[in-house]
$ cat upload_33.csv   # CSV, C-alpha atoms
chain,number,residue,atom,x,y,z
Q,1,MET,CA,169.0,13.9,136.9
Q,2,PHE,CA,166.4,15.4,134.5
Q,3,ALA,CA,163.6,16.1,137.0
Q,4,CYS,CA,163.4,18.7,139.7
Q,5,GLU,CA,163.5,16.7,142.9
Q,6,PRO,CA,160.5,16.9,145.1
Q,7,SER,CA,161.5,17.4,148.7
Q,8,ALA,CA,161.7,14.1,150.5
Q,9,ALA,CA,160.9,16.0,153.7
Q,10,ASP,CA,157.8,17.7,152.3
Q,11,PRO,CA,156.4,16.1,149.2
Q,12,THR,CA,153.3,18.3,149.2
Q,13,PHE,CA,152.0,19.8,146.0
Q,14,ARG,CA,148.8,21.8,145.8
Q,15,ARG,CA,148.5,22.0,142.0
Q,16,VAL,CA,149.3,18.8,140.2
Q,17,PHE,CA,148.8,18.3,136.5
Q,18,VAL,CA,147.9,14.6,135.8
Q,19,THR,CA,148.5,14.2,132.1
Q,20,ASP,CA,146.2,13.0,129.4
Q,21,ARG,CA,148.1,14.0,126.2
Q,22,LEU,CA,145.1,13.0,124.0
Q,23,ARG,CA,143.0,15.7,125.6
Q,24,CYS,CA,145.5,18.6,125.6
Q,25,ALA,CA,145.0,21.7,123.5
Q,26,LEU,CA,148.7,21.8,122.8
Q,27,PRO,CA,151.4,19.0,122.5
Q,28,LEU,CA,152.0,17.8,126.0
Q,29,PRO,CA,155.4,19.3,126.6
Q,30,GLN,CA,154.1,22.7,125.4
Q,31,GLN,CA,151.0,22.4,127.5
Q,32,THR,CA,153.1,21.6,130.5
Q,33,ALA,CA,155.4,24.5,130.0
Q,34,PHE,CA,152.4,26.8,129.5
Q,35,LEU,CA,150.8,25.7,132.8
Q,36,ALA,CA,154.1,25.8,134.7
Q,37,GLU,CA,155.1,29.2,133.4
Q,38,SER,CA,151.7,30.6,134.3
Q,39,GLY,CA,152.0,29.4,137.8
Q,40,ALA,CA,149.1,27.0,137.5
Q,41,ILE,CA,151.0,23.8,138.5
Q,42,ASP,CA,153.7,22.7,141.0
Q,43,ALA,CA,154.1,19.2,139.6
Q,44,VAL,CA,153.3,16.8,136.8
Q,45,ILE,CA,152.3,13.1,137.0
Q,46,LEU,CA,152.9,11.7,133.6
Q,47,ARG,CA,150.0,9.3,133.4
Q,48,GLU,CA,149.9,8.0,129.8
Q,49,LYS,CA,148.5,4.5,130.3
Q,50,ASP,CA,148.3,3.7,126.6
Q,51,LEU,CA,152.0,3.9,126.0
Q,52,ASP,CA,154.4,0.9,126.0
Q,53,ASP,CA,157.6,1.2,128.1
Q,54,ALA,CA,159.8,2.5,125.3
Q,55,ALA,CA,157.3,5.2,124.2
Q,56,TYR,CA,156.6,6.2,127.8
Q,57,GLU,CA,160.3,6.5,128.5
Q,58,LEU,CA,160.9,8.8,125.5
Q,59,LEU,CA,158.0,11.0,126.5
Q,60,ALA,CA,159.1,10.9,130.1
Q,61,ALA,CA,162.6,12.1,129.3
Q,62,GLU,CA,161.1,15.1,127.3
Q,63,MET,CA,158.6,15.9,130.1
Q,64,ALA,CA,161.2,15.6,132.9
Q,65,ALA,CA,163.4,18.1,131.0
Q,66,VAL,CA,160.5,20.5,130.6
Q,67,CYS,CA,159.7,20.2,134.3
Q,68,ALA,CA,163.3,20.8,135.3
Q,69,ARG,CA,163.5,23.9,133.0
Q,70,CYS,CA,160.2,25.2,134.5
Q,71,GLY,CA,161.2,24.5,138.1
Q,72,ILE,CA,158.4,22.0,138.9
Q,73,ALA,CA,158.5,18.4,140.0
Q,74,PHE,CA,158.2,15.5,137.6
Q,75,VAL,CA,156.6,12.2,138.7
Q,76,ALA,CA,156.6,9.1,136.6
Q,77,HIS,CA,153.5,7.0,136.7
Q,78,ALA,CA,153.7,3.2,137.0
Q,79,HIS,CA,156.8,2.8,134.8
Q,80,VAL,CA,159.2,2.2,137.6
Q,81,GLU,CA,162.2,1.0,135.5
Q,82,ALA,CA,161.9,3.9,133.1
Q,83,ALA,CA,161.8,6.2,136.1
Q,84,ARG,CA,164.9,4.6,137.5
Q,85,ARG,CA,166.8,4.9,134.1
Q,86,LEU,CA,165.8,8.6,133.9
Q,87,GLY,CA,166.9,9.3,137.5
Q,88,CYS,CA,163.5,10.3,138.6
Q,89,ALA,CA,163.1,11.2,142.3
Q,90,ALA,CA,159.4,10.3,142.5
Q,91,VAL,CA,157.0,7.7,141.2
Q,92,HIS,CA,153.3,7.2,141.4
Q,93,LEU,CA,151.9,3.7,141.5
Q,94,PRO,CA,148.2,2.9,141.4
Q,95,LEU,CA,147.3,1.2,144.7
Q,96,PRO,CA,146.8,-2.3,143.2
Q,97,LEU,CA,150.3,-2.0,141.7
Q,98,LEU,CA,151.7,-0.8,145.0
Q,99,ARG,CA,150.0,-3.8,146.7
Q,100,ALA,CA,151.5,-6.2,144.2
Q,101,GLN,CA,155.0,-4.8,143.9
Q,102,GLY,CA,155.6,-3.1,147.2
Q,103,ARG,CA,157.3,0.2,147.6
Q,104,PRO,CA,160.1,0.4,145.0
Q,105,ASP,CA,163.6,1.3,146.2
Q,106,GLY,CA,165.5,4.3,145.1
Q,107,PHE,CA,162.9,7.0,145.0
Q,108,ALA,CA,162.7,10.0,147.3
Q,109,TRP,CA,159.0,9.5,147.5
Q,110,VAL,CA,156.2,7.2,146.2
Q,111,GLY,CA,152.7,8.3,145.6
Q,112,THR,CA,149.5,6.2,145.2
Q,113,ASN,CA,145.8,6.8,144.6
Q,114,VAL,CA,143.0,6.2,147.0
Q,115,HIS,CA,139.4,5.8,145.9
Q,116,GLU,CA,138.0,5.1,149.4
Q,117,ALA,CA,138.8,6.8,152.6
Q,118,ASP,CA,139.3,3.3,154.1
Q,119,GLU,CA,142.4,2.8,151.7
Q,120,VAL,CA,144.4,5.6,153.4
Q,121,ALA,CA,145.8,3.4,156.2
Q,122,GLU,CA,146.7,0.6,153.8
Q,123,ALA,CA,148.5,3.0,151.4
Q,124,GLU,CA,150.5,4.4,154.3
Q,125,VAL,CA,151.4,1.0,155.6
Q,126,LEU,CA,152.6,0.1,152.0
Q,127,GLY,CA,154.9,3.1,152.1
Q,128,ALA,CA,153.1,5.8,150.2
Q,129,ASP,CA,154.4,9.2,150.9
Q,130,VAL,CA,151.8,11.0,148.8
Q,131,LEU,CA,148.1,10.2,148.3
Q,132,VAL,CA,145.9,11.3,145.4
Q,133,ALA,CA,142.3,11.1,146.4
Q,134,SER,CA,140.1,10.5,143.3
Q,135,PRO,CA,137.7,11.1,141.9
Q,136,VAL,CA,136.8,14.2,143.8
Q,137,PHE,CA,135.3,15.8,140.7
Q,138,ALA,CA,134.0,14.0,137.6
Q,139,PRO,CA,137.1,12.9,135.6
Q,140,SER,CA,137.2,13.6,131.9
Q,141,CYS,CA,139.1,10.4,131.3
Q,142,LYS,CA,136.5,8.2,132.9
Q,143,PRO,CA,133.1,9.6,132.0
Q,144,ALA,CA,131.2,6.8,133.7
Q,145,SER,CA,132.9,7.5,137.1
Q,146,THR,CA,131.0,9.4,139.7
Q,147,ALA,CA,132.5,12.3,141.4
Q,148,ARG,CA,132.9,11.6,145.1
Q,149,GLY,CA,132.8,15.2,146.2
Q,150,LEU,CA,134.4,17.3,148.9
Q,151,PRO,CA,133.1,15.1,151.8
Q,152,PHE,CA,135.2,12.3,150.3
Q,153,LEU,CA,138.2,14.5,150.2
Q,154,ARG,CA,137.7,15.6,153.7
Q,155,ALA,CA,137.4,12.0,154.9
Q,156,VAL,CA,140.7,11.1,153.2
Q,157,LEU,CA,142.4,14.2,154.7
Q,158,ASP,CA,141.1,13.3,158.2
Q,159,ARG,CA,142.5,9.8,157.9
Q,160,ALA,CA,145.9,10.7,156.4
$ encode --input "upload_33.csv" --output "structure tokens"
Amino acid sequence: MFACEPSAADPTFRRVFVTDRLRCALPLPQQTAFLAESGAIDAVILREKDLDDAAYELLAAEMAAVCARCGIAFVAHAHVEAARRLGCAAVHLPLPLLRAQGRPDGFAWVGTNVHEADEVAEAEVLGADVLVASPVFAPSCKPASTARGLPFLRAVLDRA
């Protein structure tokens, strides 16, 4: 397996780097290594929505190796079959994809995103082990999105 396995018993990360390689100061693998070696992150979610399956899998293999070398967890985003081929322990599916496909077999844990506190219960019923509440702060990748703020995050935490 390339990736450091997140603990199935405690898949909690406090500092997660959700990637956007087009906005990184360095090439993504170097940016990831820099952040990991500085202690800034515990895990990486490789969220590169513009890549096709083959390109995603190539980048995922490189990123999973960087994560393993740095001792942080690697999480594939939405590309379930690529994650399986790479032996990933974790996958993150947007909530609409988790609804449509269900929890994929073969992963130590599955994450999803919630954009409303009311989605927490549904995400848990669908089998999500990890929730990403967003957007708490204004996202650089979606300038039109409005930050939900810390009260939103507190509501998600209260329901989880």
$ residues_around --input "upload_33.csv" --residues "range 64-78 of chain Q" --least-positions-apart "5" --cutoff "10 Å" --atoms "all atoms listed in the file" --output "ChimeraX atom specification"
/Q:1-7,11,13,16-19,29-30,32-37,39,41-49,53,56-57,59,83-84,86-94,97-98,109-112
$ closest_residue --input "upload_33.csv" --among "Q:Ala160, Q:Leu153, Q:Val125, Q:Cys141" --to "Arg23 in chain Q" --atoms "only C-alpha atoms"
Q:Cys141
$ atom_distance --input "upload_33.csv" --atom1 "CA of Ser145 in chain Q" --atom2 "CA of Arg14 in chain Q"
23.1 Å
$ atom_distance --input "upload_33.csv" --atom1 "CA of Ala108 in chain Q" --atom2 "CA of Ala128 in chain Q"
10.9 Å
$ residues_around --input "upload_33.csv" --residues "Ser134 in chain Q" --least-positions-apart "4" --cutoff "8 Å" --atoms "all atoms listed in the file" --output "list in words"
Asn113, Val114, His115 and Arg148 of chain Q
$ atom_distance --input "upload_33.csv" --atom1 "CA of Glu81 in chain Q" --atom2 "CA of Pro104 in chain Q"
9.7 Å
$ closest_residue --input "upload_33.csv" --among "Q:Asp50, Q:Arg99, Q:Arg21, Q:Phe107" --to "Asp129 in chain Q" --atoms "all atoms listed in the file"
Q:Phe107
$ closest_residue --input "upload_33.csv" --among "Q:Gly149, Q:Gln101, Q:Met63, Q:Val120" --to "Gln31 in chain Q" --atoms "only C-alpha atoms"
Q:Met63
$ closest_residue --input "upload_33.csv" --among "Q:Thr146, Q:Cys24, Q:Glu119, Q:Asp52" --to "Ala82 in chain Q" --atoms "only C-alpha atoms"
Q:Asp52
$ closest_residue --input "upload_33.csv" --among "Q:Val80, Q:Glu116, Q:Asp20, Q:Ala121" --to "Pro139 in chain Q" --atoms "all atoms listed in the file"
Q:Asp20
$ closest_residue --input "upload_33.csv" --among "Q:Leu22, Q:Ala123, Q:Ala117, Q:Ala144" --to "Leu51 in chain Q" --atoms "all atoms listed in the file"
Q:Leu22
$ build_atoms --input "upload_33.csv" --residues "range 29-40 of chain Q" --atoms "all heavy atoms" --output "short mmCIF file (atom, residue, chain, number, x, y, z; two decimals), in the coordinates of the input"
data_model
loop_
_atom_site.label_atom_id
_atom_site.label_comp_id
_atom_site.auth_asym_id
_atom_site.auth_seq_id
_atom_site.Cartn_x
_atom_site.Cartn_y
_atom_site.Cartn_z
N PRO Q 29 154.32 18.48 126.01
CA PRO Q 29 155.40 19.30 126.60
C PRO Q 29 155.11 20.80 126.55
O PRO Q 29 155.38 21.50 127.53
CB PRO Q 29 156.61 18.95 125.69
CG PRO Q 29 156.29 17.59 125.16
CD PRO Q 29 154.81 17.59 124.95
N GLN Q 30 154.49 21.27 125.48
CA GLN Q 30 154.10 22.70 125.40
C GLN Q 30 153.03 23.04 126.39
O GLN Q 30 153.06 24.10 127.02
CB GLN Q 30 153.68 23.05 123.99
CG GLN Q 30 154.79 23.05 122.98
CD GLN Q 30 154.24 23.31 121.59
OE1 GLN Q 30 153.44 22.52 121.09
NE2 GLN Q 30 154.68 24.39 120.98
N GLN Q 31 152.05 22.16 126.53
CA GLN Q 31 151.00 22.40 127.50
C GLN Q 31 151.52 22.46 128.90
O GLN Q 31 151.13 23.33 129.68
CB GLN Q 31 149.93 21.24 127.40
CG GLN Q 31 148.71 21.44 128.27
CD GLN Q 31 147.75 22.45 127.69
OE1 GLN Q 31 147.40 22.38 126.52
NE2 GLN Q 31 147.31 23.38 128.50
N THR Q 32 152.45 21.58 129.21
CA THR Q 32 153.10 21.60 130.50
C THR Q 32 153.84 22.84 130.79
O THR Q 32 153.69 23.46 131.86
CB THR Q 32 153.98 20.34 130.67
OG1 THR Q 32 153.21 19.16 130.44
CG2 THR Q 32 154.64 20.27 132.03
N ALA Q 33 154.64 23.26 129.82
CA ALA Q 33 155.40 24.50 130.00
C ALA Q 33 154.48 25.70 130.17
O ALA Q 33 154.72 26.55 131.03
CB ALA Q 33 156.33 24.72 128.78
N PHE Q 34 153.41 25.74 129.39
CA PHE Q 34 152.40 26.80 129.50
C PHE Q 34 151.85 26.88 130.91
O PHE Q 34 151.78 27.94 131.54
CB PHE Q 34 151.33 26.67 128.46
CG PHE Q 34 150.20 27.63 128.62
CD1 PHE Q 34 150.32 28.94 128.20
CD2 PHE Q 34 149.02 27.23 129.23
CE1 PHE Q 34 149.27 29.84 128.37
CE2 PHE Q 34 147.97 28.11 129.40
CZ PHE Q 34 148.09 29.43 128.98
N LEU Q 35 151.42 25.73 131.42
CA LEU Q 35 150.80 25.70 132.80
C LEU Q 35 151.83 26.04 133.83
O LEU Q 35 151.52 26.77 134.77
CB LEU Q 35 150.23 24.29 133.02
CG LEU Q 35 149.02 23.92 132.18
CD1 LEU Q 35 148.67 22.45 132.36
CD2 LEU Q 35 147.82 24.80 132.52
N ALA Q 36 153.06 25.54 133.70
CA ALA Q 36 154.10 25.80 134.70
C ALA Q 36 154.49 27.29 134.69
O ALA Q 36 154.59 27.93 135.75
CB ALA Q 36 155.31 24.95 134.43
N GLU Q 37 154.68 27.84 133.51
CA GLU Q 37 155.10 29.20 133.40
C GLU Q 37 154.01 30.20 133.87
O GLU Q 37 154.31 31.31 134.31
CB GLU Q 37 155.55 29.54 131.98
CG GLU Q 37 156.87 28.84 131.65
CD GLU Q 37 157.18 28.75 130.17
OE1 GLU Q 37 156.38 29.27 129.34
OE2 GLU Q 37 158.23 28.17 129.84
N SER Q 38 152.76 29.78 133.79
CA SER Q 38 151.70 30.60 134.30
C SER Q 38 151.45 30.50 135.76
O SER Q 38 150.61 31.19 136.33
CB SER Q 38 150.37 30.28 133.51
OG SER Q 38 149.89 29.01 133.92
N GLY Q 39 152.19 29.59 136.40
CA GLY Q 39 152.00 29.40 137.80
C GLY Q 39 150.88 28.50 138.23
O GLY Q 39 150.52 28.43 139.39
N ALA Q 40 150.30 27.80 137.26
CA ALA Q 40 149.10 27.00 137.50
C ALA Q 40 149.41 25.65 138.15
O ALA Q 40 148.52 25.04 138.73
CB ALA Q 40 148.32 26.79 136.22
#
